>>> print(open('data.cif').read())   # mmCIF, C-alpha atoms; chains and numbers go by the auth columns
data_entry
loop_
_atom_site.group_PDB
_atom_site.id
_atom_site.type_symbol
_atom_site.label_atom_id
_atom_site.label_comp_id
_atom_site.label_asym_id
_atom_site.label_seq_id
_atom_site.Cartn_x
_atom_site.Cartn_y
_atom_site.Cartn_z
_atom_site.B_iso_or_equiv
_atom_site.auth_seq_id
_atom_site.auth_asym_id
ATOM 1 C CA MET A 1 43.183 24.234 41.267 0.00 1 A
ATOM 2 C CA ALA A 2 44.502 26.567 38.612 0.00 2 A
ATOM 3 C CA ASP A 3 43.414 26.140 35.017 0.00 3 A
ATOM 4 C CA LYS A 4 45.808 24.058 32.977 0.00 4 A
ATOM 5 C CA THR A 5 47.497 25.796 30.082 0.00 5 A
ATOM 6 C CA VAL A 6 46.887 24.613 26.527 0.00 6 A
ATOM 7 C CA GLU A 7 50.481 23.343 26.438 0.00 7 A
ATOM 8 C CA GLN A 8 49.957 21.308 29.599 0.00 8 A
ATOM 9 C CA LEU A 9 46.751 19.871 28.182 0.00 9 A
ATOM 10 C CA PHE A 10 48.396 18.899 24.885 0.00 10 A
ATOM 11 C CA THR A 11 51.284 17.276 26.751 0.00 11 A
ATOM 12 C CA GLN A 12 48.808 15.071 28.591 0.00 12 A
ATOM 13 C CA ILE A 13 46.748 14.455 25.459 0.00 13 A
ATOM 14 C CA ARG A 14 49.795 13.274 23.531 0.00 14 A
ATOM 15 C CA LYS A 15 50.823 10.922 26.345 0.00 15 A
ATOM 16 C CA LEU A 16 47.310 9.488 26.693 0.00 16 A
ATOM 17 C CA GLY A 17 47.164 8.968 22.926 0.00 17 A
ATOM 18 C CA GLN A 18 50.439 7.047 22.981 0.00 18 A
ATOM 19 C CA ASP A 19 49.041 4.858 25.764 0.00 19 A
ATOM 20 C CA GLY A 20 45.792 4.271 23.867 0.00 20 A
ATOM 21 C CA LEU A 21 43.727 5.967 26.586 0.00 21 A
ATOM 22 C CA HIS A 22 41.520 7.975 24.267 0.00 22 A
ATOM 23 C CA HIS A 23 38.586 7.988 26.672 0.00 23 A
ATOM 24 C CA LYS A 24 40.763 9.965 29.076 0.00 24 A
ATOM 25 C CA ALA A 25 42.164 12.198 26.343 0.00 25 A
ATOM 26 C CA LEU A 26 38.781 13.299 24.989 0.00 26 A
ATOM 27 C CA PRO A 27 37.734 15.454 27.986 0.00 27 A
ATOM 28 C CA LEU A 28 41.105 17.231 27.841 0.00 28 A
ATOM 29 C CA VAL A 29 40.674 17.839 24.111 0.00 29 A
ATOM 30 C CA ILE A 30 37.258 19.323 24.831 0.00 30 A
ATOM 31 C CA GLU A 31 38.860 21.553 27.469 0.00 31 A
ATOM 32 C CA VAL A 32 41.268 22.891 24.819 0.00 32 A
ATOM 33 C CA LEU A 33 38.360 23.472 22.454 0.00 33 A
ATOM 34 C CA LYS A 34 36.525 25.441 25.155 0.00 34 A
ATOM 35 C CA LYS A 35 39.468 27.835 25.205 0.00 35 A
ATOM 36 C CA ASN A 36 39.681 27.974 21.419 0.00 36 A
ATOM 37 C CA PRO A 37 36.960 26.269 19.367 0.00 37 A
ATOM 38 C CA LYS A 38 39.005 26.792 16.193 0.00 38 A
ATOM 39 C CA ASP A 39 42.138 24.978 17.374 0.00 39 A
ATOM 40 C CA LEU A 40 42.782 22.657 14.431 0.00 40 A
ATOM 41 C CA ASP A 41 45.074 20.277 16.298 0.00 41 A
ATOM 42 C CA ALA A 42 42.466 19.862 19.024 0.00 42 A
ATOM 43 C CA LEU A 43 39.720 19.364 16.453 0.00 43 A
ATOM 44 C CA LYS A 44 41.761 16.658 14.732 0.00 44 A
ATOM 45 C CA CYS A 45 42.461 15.021 18.099 0.00 45 A
ATOM 46 C CA LYS A 46 38.744 15.074 18.868 0.00 46 A
ATOM 47 C CA ILE A 47 38.008 13.160 15.657 0.00 47 A
ATOM 48 C CA VAL A 48 40.697 10.598 16.444 0.00 48 A
ATOM 49 C CA CYS A 49 39.315 10.130 19.983 0.00 49 A
ATOM 50 C CA LEU A 50 35.766 9.670 18.685 0.00 50 A
ATOM 51 C CA LEU A 51 36.903 7.108 16.099 0.00 51 A
ATOM 52 C CA LYS A 52 38.943 5.186 18.650 0.00 52 A
ATOM 53 C CA LEU A 53 35.909 5.178 20.945 0.00 53 A
ATOM 54 C CA ASP A 54 33.691 3.699 18.208 0.00 54 A
ATOM 55 C CA LYS A 55 31.685 6.903 17.798 0.00 55 A
ATOM 56 C CA CYS A 56 31.957 6.973 14.007 0.00 56 A
ATOM 57 C CA LYS A 57 28.646 8.681 13.379 0.00 57 A
ATOM 58 C CA GLU A 58 29.472 11.549 15.703 0.00 58 A
ATOM 59 C CA ALA A 59 32.965 11.823 14.215 0.00 59 A
ATOM 60 C CA TYR A 60 31.577 12.006 10.689 0.00 60 A
ATOM 61 C CA HIS A 61 28.991 14.576 11.719 0.00 61 A
ATOM 62 C CA THR A 62 31.676 16.743 13.337 0.00 62 A
ATOM 63 C CA MET A 63 34.001 16.420 10.340 0.00 63 A
ATOM 64 C CA THR A 64 31.347 17.434 7.854 0.00 64 A
ATOM 65 C CA THR A 65 29.580 20.161 9.838 0.00 65 A
ATOM 66 C CA ASP A 66 32.444 21.904 11.645 0.00 66 A
ATOM 67 C CA LYS A 67 33.440 24.988 9.643 0.00 67 A
ATOM 68 C CA GLU A 68 37.164 24.473 10.144 0.00 68 A
ATOM 69 C CA LEU A 69 37.253 20.699 9.857 0.00 69 A
ATOM 70 C CA SER A 70 35.129 20.410 6.742 0.00 70 A
ATOM 71 C CA LYS A 71 37.789 22.402 4.866 0.00 71 A
ATOM 72 C CA LEU A 72 40.516 19.913 5.757 0.00 72 A
ATOM 73 C CA PRO A 73 41.429 17.029 3.444 0.00 73 A
ATOM 74 C CA MET A 74 40.704 14.326 6.028 0.00 74 A
ATOM 75 C CA TRP A 75 39.770 11.827 3.332 0.00 75 A
ATOM 76 C CA HIS A 76 41.059 8.814 5.172 0.00 76 A
ATOM 77 C CA GLU A 77 39.174 9.607 8.377 0.00 77 A
ATOM 78 C CA ARG A 78 35.977 10.444 6.514 0.00 78 A
ATOM 79 C CA ALA A 79 36.212 7.270 4.433 0.00 79 A
ATOM 80 C CA TYR A 80 36.820 5.217 7.570 0.00 80 A
ATOM 81 C CA CYS A 81 33.618 6.607 9.141 0.00 81 A
ATOM 82 C CA LEU A 82 31.646 5.721 6.029 0.00 82 A
ATOM 83 C CA TYR A 83 33.184 2.249 5.972 0.00 83 A
ATOM 84 C CA ARG A 84 32.161 1.666 9.584 0.00 84 A
ATOM 85 C CA GLN A 85 28.628 2.786 8.774 0.00 85 A
ATOM 86 C CA ASN A 86 28.554 0.319 5.885 0.00 86 A
ATOM 87 C CA LYS A 87 28.392 3.086 3.279 0.00 87 A
ATOM 88 C CA LEU A 88 31.007 1.312 1.225 0.00 88 A
ATOM 89 C CA GLU A 89 30.582 2.877 -2.198 0.00 89 A
ATOM 90 C CA GLU A 90 30.651 6.348 -0.640 0.00 90 A
ATOM 91 C CA ALA A 91 33.803 5.386 1.246 0.00 91 A
ATOM 92 C CA ILE A 92 35.532 4.417 -2.011 0.00 92 A
ATOM 93 C CA THR A 93 34.490 7.708 -3.614 0.00 93 A
ATOM 94 C CA GLU A 94 35.941 9.583 -0.637 0.00 94 A
ATOM 95 C CA LEU A 95 39.217 7.646 -0.882 0.00 95 A
ATOM 96 C CA ASN A 96 39.549 8.499 -4.568 0.00 96 A
ATOM 97 C CA ASN A 97 40.345 12.046 -3.417 0.00 97 A
ATOM 98 C CA ALA A 98 43.182 10.911 -1.176 0.00 98 A
ATOM 99 C CA GLU A 99 46.840 10.734 -2.130 0.00 99 A
ATOM 100 C CA PRO A 100 47.749 7.082 -2.764 0.00 100 A
ATOM 101 C CA SER A 101 49.438 5.606 0.299 0.00 101 A
ATOM 102 C CA PRO A 102 49.649 2.272 2.108 0.00 102 A
ATOM 103 C CA LYS A 103 47.079 3.400 4.659 0.00 103 A
ATOM 104 C CA VAL A 104 44.634 4.267 1.885 0.00 104 A
ATOM 105 C CA ASP A 105 45.235 0.844 0.326 0.00 105 A
ATOM 106 C CA GLU A 106 44.741 -0.819 3.677 0.00 106 A
ATOM 107 C CA LEU A 107 41.290 0.746 4.049 0.00 107 A
ATOM 108 C CA LEU A 108 40.428 -0.001 0.409 0.00 108 A
ATOM 109 C CA ALA A 109 41.254 -3.675 0.981 0.00 109 A
ATOM 110 C CA GLN A 110 38.921 -3.744 3.989 0.00 110 A
ATOM 111 C CA ILE A 111 36.154 -2.086 1.974 0.00 111 A
ATOM 112 C CA TYR A 112 36.538 -4.566 -0.908 0.00 112 A
ATOM 113 C CA TYR A 113 36.484 -7.436 1.582 0.00 113 A
ATOM 114 C CA LYS A 114 33.204 -6.160 3.031 0.00 114 A
ATOM 115 C CA LEU A 115 31.850 -5.772 -0.505 0.00 115 A
ATOM 116 C CA GLU A 116 32.744 -9.451 -1.008 0.00 116 A
ATOM 117 C CA ASN A 117 35.144 -8.479 -3.762 0.00 117 A
ATOM 118 C CA TYR A 118 37.731 -10.892 -2.382 0.00 118 A
ATOM 119 C CA GLU A 119 39.834 -10.831 -5.530 0.00 119 A
ATOM 120 C CA GLU A 120 40.513 -7.111 -5.253 0.00 120 A
ATOM 121 C CA ALA A 121 41.045 -7.350 -1.472 0.00 121 A
ATOM 122 C CA ALA A 122 43.523 -10.220 -1.823 0.00 122 A
ATOM 123 C CA SER A 123 45.433 -8.447 -4.555 0.00 123 A
ATOM 124 C CA ILE A 124 45.853 -5.307 -2.408 0.00 124 A
ATOM 125 C CA TYR A 125 46.892 -7.371 0.608 0.00 125 A
ATOM 126 C CA LYS A 126 49.484 -9.256 -1.427 0.00 126 A
ATOM 127 C CA THR A 127 51.171 -5.972 -2.355 0.00 127 A
ATOM 128 C CA LEU A 128 50.850 -4.610 1.188 0.00 128 A
ATOM 129 C CA VAL A 129 52.290 -7.737 2.793 0.00 129 A
ATOM 130 C CA LYS A 130 55.259 -7.556 0.446 0.00 130 A
ATOM 131 C CA ASN A 131 55.957 -3.850 0.901 0.00 131 A
ATOM 132 C CA THR A 132 54.976 -2.991 4.462 0.00 132 A
ATOM 133 C CA MET A 133 57.116 -3.359 7.548 0.00 133 A
ATOM 134 C CA ASP A 134 55.219 -2.481 10.708 0.00 134 A
ATOM 135 C CA SER A 135 53.743 -4.143 13.753 0.00 135 A
ATOM 136 C CA TYR A 136 50.607 -5.351 11.945 0.00 136 A
ATOM 137 C CA THR A 137 52.261 -7.936 9.697 0.00 137 A
ATOM 138 C CA ASN A 138 50.451 -10.844 11.352 0.00 138 A
ATOM 139 C CA GLU A 139 47.061 -9.157 11.130 0.00 139 A
ATOM 140 C CA ARG A 140 47.664 -8.313 7.485 0.00 140 A
ATOM 141 C CA GLU A 141 48.606 -11.892 6.619 0.00 141 A
ATOM 142 C CA THR A 142 45.495 -13.054 8.463 0.00 142 A
ATOM 143 C CA ASN A 143 43.362 -10.690 6.385 0.00 143 A
ATOM 144 C CA LEU A 144 45.001 -11.919 3.181 0.00 144 A
ATOM 145 C CA ALA A 145 44.252 -15.480 4.235 0.00 145 A
ATOM 146 C CA ALA A 146 40.662 -14.470 5.034 0.00 146 A
ATOM 147 C CA ALA A 147 40.206 -12.947 1.586 0.00 147 A
ATOM 148 C CA LEU A 148 41.566 -16.077 -0.112 0.00 148 A
ATOM 149 C CA ALA A 149 39.558 -18.407 2.124 0.00 149 A
ATOM 150 C CA SER A 150 36.311 -16.480 1.639 0.00 150 A
ATOM 151 C CA SER A 151 36.860 -16.443 -2.074 0.00 151 A
ATOM 152 C CA SER A 152 37.227 -20.210 -2.235 0.00 152 A
ATOM 153 C CA ALA A 153 34.392 -20.837 0.231 0.00 153 A
ATOM 154 C CA PHE A 154 31.799 -18.415 -1.086 0.00 154 A
ATOM 155 C CA LYS A 155 32.669 -17.733 -4.722 0.00 155 A
ATOM 156 C CA ALA A 156 32.182 -19.845 -7.842 0.00 156 A
ATOM 157 C CA LYS A 157 35.526 -18.732 -9.275 0.00 157 A
ATOM 158 C CA PRO A 158 38.014 -18.569 -6.416 0.00 158 A
ATOM 159 C CA VAL A 159 41.106 -16.375 -6.508 0.00 159 A
ATOM 160 C CA LYS A 160 44.219 -18.354 -7.327 0.00 160 A
ATOM 161 C CA TRP A 161 46.942 -18.343 -4.709 0.00 161 A
ATOM 162 C CA VAL A 162 50.129 -17.353 -6.536 0.00 162 A
ATOM 163 C CA LEU B 1 11.360 -34.355 10.472 0.00 1 B
ATOM 164 C CA PRO B 2 13.893 -31.491 10.425 0.00 2 B
ATOM 165 C CA PRO B 3 16.646 -31.900 7.819 0.00 3 B
ATOM 166 C CA ASP B 4 20.056 -33.190 8.875 0.00 4 B
ATOM 167 C CA PHE B 5 22.681 -30.773 10.059 0.00 5 B
ATOM 168 C CA GLN B 6 25.216 -29.811 7.442 0.00 6 B
ATOM 169 C CA PRO B 7 28.675 -28.352 7.920 0.00 7 B
ATOM 170 C CA ILE B 8 29.157 -24.836 6.574 0.00 8 B
ATOM 171 C CA PRO B 9 32.411 -22.868 6.237 0.00 9 B
ATOM 172 C CA CYS B 10 33.055 -20.588 9.220 0.00 10 B
ATOM 173 C CA LYS B 11 33.694 -16.894 8.781 0.00 11 B
ATOM 174 C CA PRO B 12 37.438 -16.266 8.689 0.00 12 B
ATOM 175 C CA THR B 13 39.033 -13.944 11.234 0.00 13 B
ATOM 176 C CA PHE B 14 39.450 -10.471 9.770 0.00 14 B
ATOM 177 C CA PHE B 15 41.138 -7.544 11.497 0.00 15 B
ATOM 178 C CA ASP B 16 40.366 -3.843 11.272 0.00 16 B
ATOM 179 C CA ILE B 17 43.936 -2.663 10.701 0.00 17 B
ATOM 180 C CA SER B 18 42.869 0.744 9.381 0.00 18 B
ATOM 181 C CA LEU B 19 41.851 1.991 12.811 0.00 19 B
ATOM 182 C CA ASN B 20 45.489 1.652 13.871 0.00 20 B
ATOM 183 C CA HIS B 21 46.495 4.111 11.166 0.00 21 B
ATOM 184 C CA ILE B 22 44.272 6.775 12.666 0.00 22 B
ATOM 185 C CA GLU B 23 46.420 8.752 15.066 0.00 23 B
ATOM 186 C CA PHE B 24 46.732 12.180 16.659 0.00 24 B
ATOM 187 C CA PRO B 25 48.470 14.803 14.524 0.00 25 B
ATOM 188 C CA ASP B 26 52.051 15.699 15.439 0.00 26 B
ATOM 189 C CA LEU B 27 51.685 17.724 18.646 0.00 27 B
ATOM 190 C CA GLY B 28 55.406 18.415 19.004 0.00 28 B
ATOM 191 C CA GLU B 29 54.914 22.173 18.628 0.00 29 B
ATOM 192 C CA ARG B 30 51.987 22.303 21.027 0.00 30 B
ATOM 193 C CA VAL B 31 53.325 20.503 24.083 0.00 31 B
ATOM 194 C CA GLU B 32 55.261 21.979 27.016 0.00 32 B
ATOM 195 C CA LYS B 33 58.862 22.633 26.143 0.00 33 B
ATOM 196 C CA GLU B 34 61.569 20.884 28.145 0.00 34 B
ATOM 197 C CA SER B 35 62.550 23.447 30.741 0.00 35 B
ATOM 198 C CA SER B 36 66.202 24.315 31.098 0.00 36 B
ATOM 199 C CA GLY B 37 68.514 26.380 33.264 0.00 37 B
ATOM 200 C CA LEU B 38 67.293 27.613 36.602 0.00 38 B
ATOM 201 C CA SER B 39 63.850 26.054 36.471 0.00 39 B
ATOM 202 C CA SER B 40 65.177 22.542 35.869 0.00 40 B
ATOM 203 C CA PHE B 41 67.670 23.153 38.682 0.00 41 B
ATOM 204 C CA THR B 42 64.857 24.082 41.081 0.00 42 B
ATOM 205 C CA LYS B 43 62.882 21.084 39.880 0.00 43 B
ATOM 206 C CA TRP B 44 65.890 18.936 40.667 0.00 44 B
ATOM 207 C CA ILE B 45 66.165 20.483 44.131 0.00 45 B
ATOM 208 C CA TRP B 46 62.494 19.825 44.798 0.00 46 B
ATOM 209 C CA GLY B 47 62.777 16.401 43.288 0.00 47 B
ATOM 210 C CA ARG B 48 60.076 16.791 40.677 0.00 48 B
#
>>> encode(input="data.cif", output="structure tokens")
Amino acid sequence: MADKTVEQLFTQIRKLGQDGLHHKALPLVIEVLKKNPKDLDALKCKIVCLLKLDKCKEAYHTMTTDKELSKLPMWHERAYCLYRQNKLEEAITELNNAEPSPKVDELLAQIYYKLENYEEAASIYKTLVKNTMDSYTNERETNLAAALASSSAFKAKPVKWV
Amino acid sequence: LPPDFQPIPCKPTFFDISLNHIEFPDLGERVEKESSGLSSFTKWIWGR
């Protein structure tokens, strides 16, 4: 069988990504990187695949040691890796570099929740629930409820629900 | 005697929404271009 071209590989990679089949996409991404180890799109895809496959440590290692990748402002991805490894303060520091955006806020809320700062988490979720229209509305409302519930269950001074 | 059981609050459900925001970069420029002209005609002939 003839070698697939980079374009053919990326076509398949994009499709597999849309279908959430990152375990199938990763070998194709690695094939692209064999042809050109400096291909930035492929490198970014590799990080996404690793994160989706729960390999946060490996993703973080690649992002910080790869010559090309370490130059890129992948704050959100780096912070997410740190968050998953429970390095929460470091994750916040990393996010401070990022441009403010709903996805940054979303991760911040999760970090504050894990830090048991339910007040801060709830306040971010309230804004996000009001201003975001996507397919995760239910999950976001659940997280807001979780922050409020945890605050009243585990904290002396619960957050007020207004 | 062991002490009596006591109810404790359960841990609320909490979703990792952030992972959903992590996606491939835009690969529009890197994928195969839609073929046109003769090649799409031959593809049509061959039915693929």
>>> residues_around(input="data.cif", residues="Pro37 (chain A)", least_positions_apart="5", cutoff="12 Å", atoms="all atoms listed in the file", output="PyMOL selection string")
chain A and resi 29-32+42-44+46+66-69
>>> resolve_selection(input="data.cif", expression="the PyMOL selection byres ((chain B) within 12 of (chain A))", output="VMD selection string")
chain B and resid 8 to 34
>>> axis_aligned_box(input="data.cif", around="region 138-154 of chain A", padding_each_side="4 Å", output="JSON")
{"center_x": 41.1, "center_y": -14.6, "center_z": 4.6, "size_x": 26.7, "size_y": 20.5, "size_z": 21.6}
>>> atom_distance(input="data.cif", atom1="CA of Leu21 (chain A)", atom2="CA of Arg84 (chain A)")
21.0 Å
>>> atom_distance(input="data.cif", atom1="CA of Lys38 (chain A)", atom2="CA of Lys15 (chain A)")
22.2 Å
>>> atom_distance(input="data.cif", atom1="CA of Leu88 (chain A)", atom2="CA of Lys114 (chain A)")
8.0 Å
>>> resolve_selection(input="data.cif", expression="the PyMOL selection byres ((chain A and resi 160) around 10)", output="PyMOL selection string")
chain A and resi 119+122+148+151-152+157-159+161-162
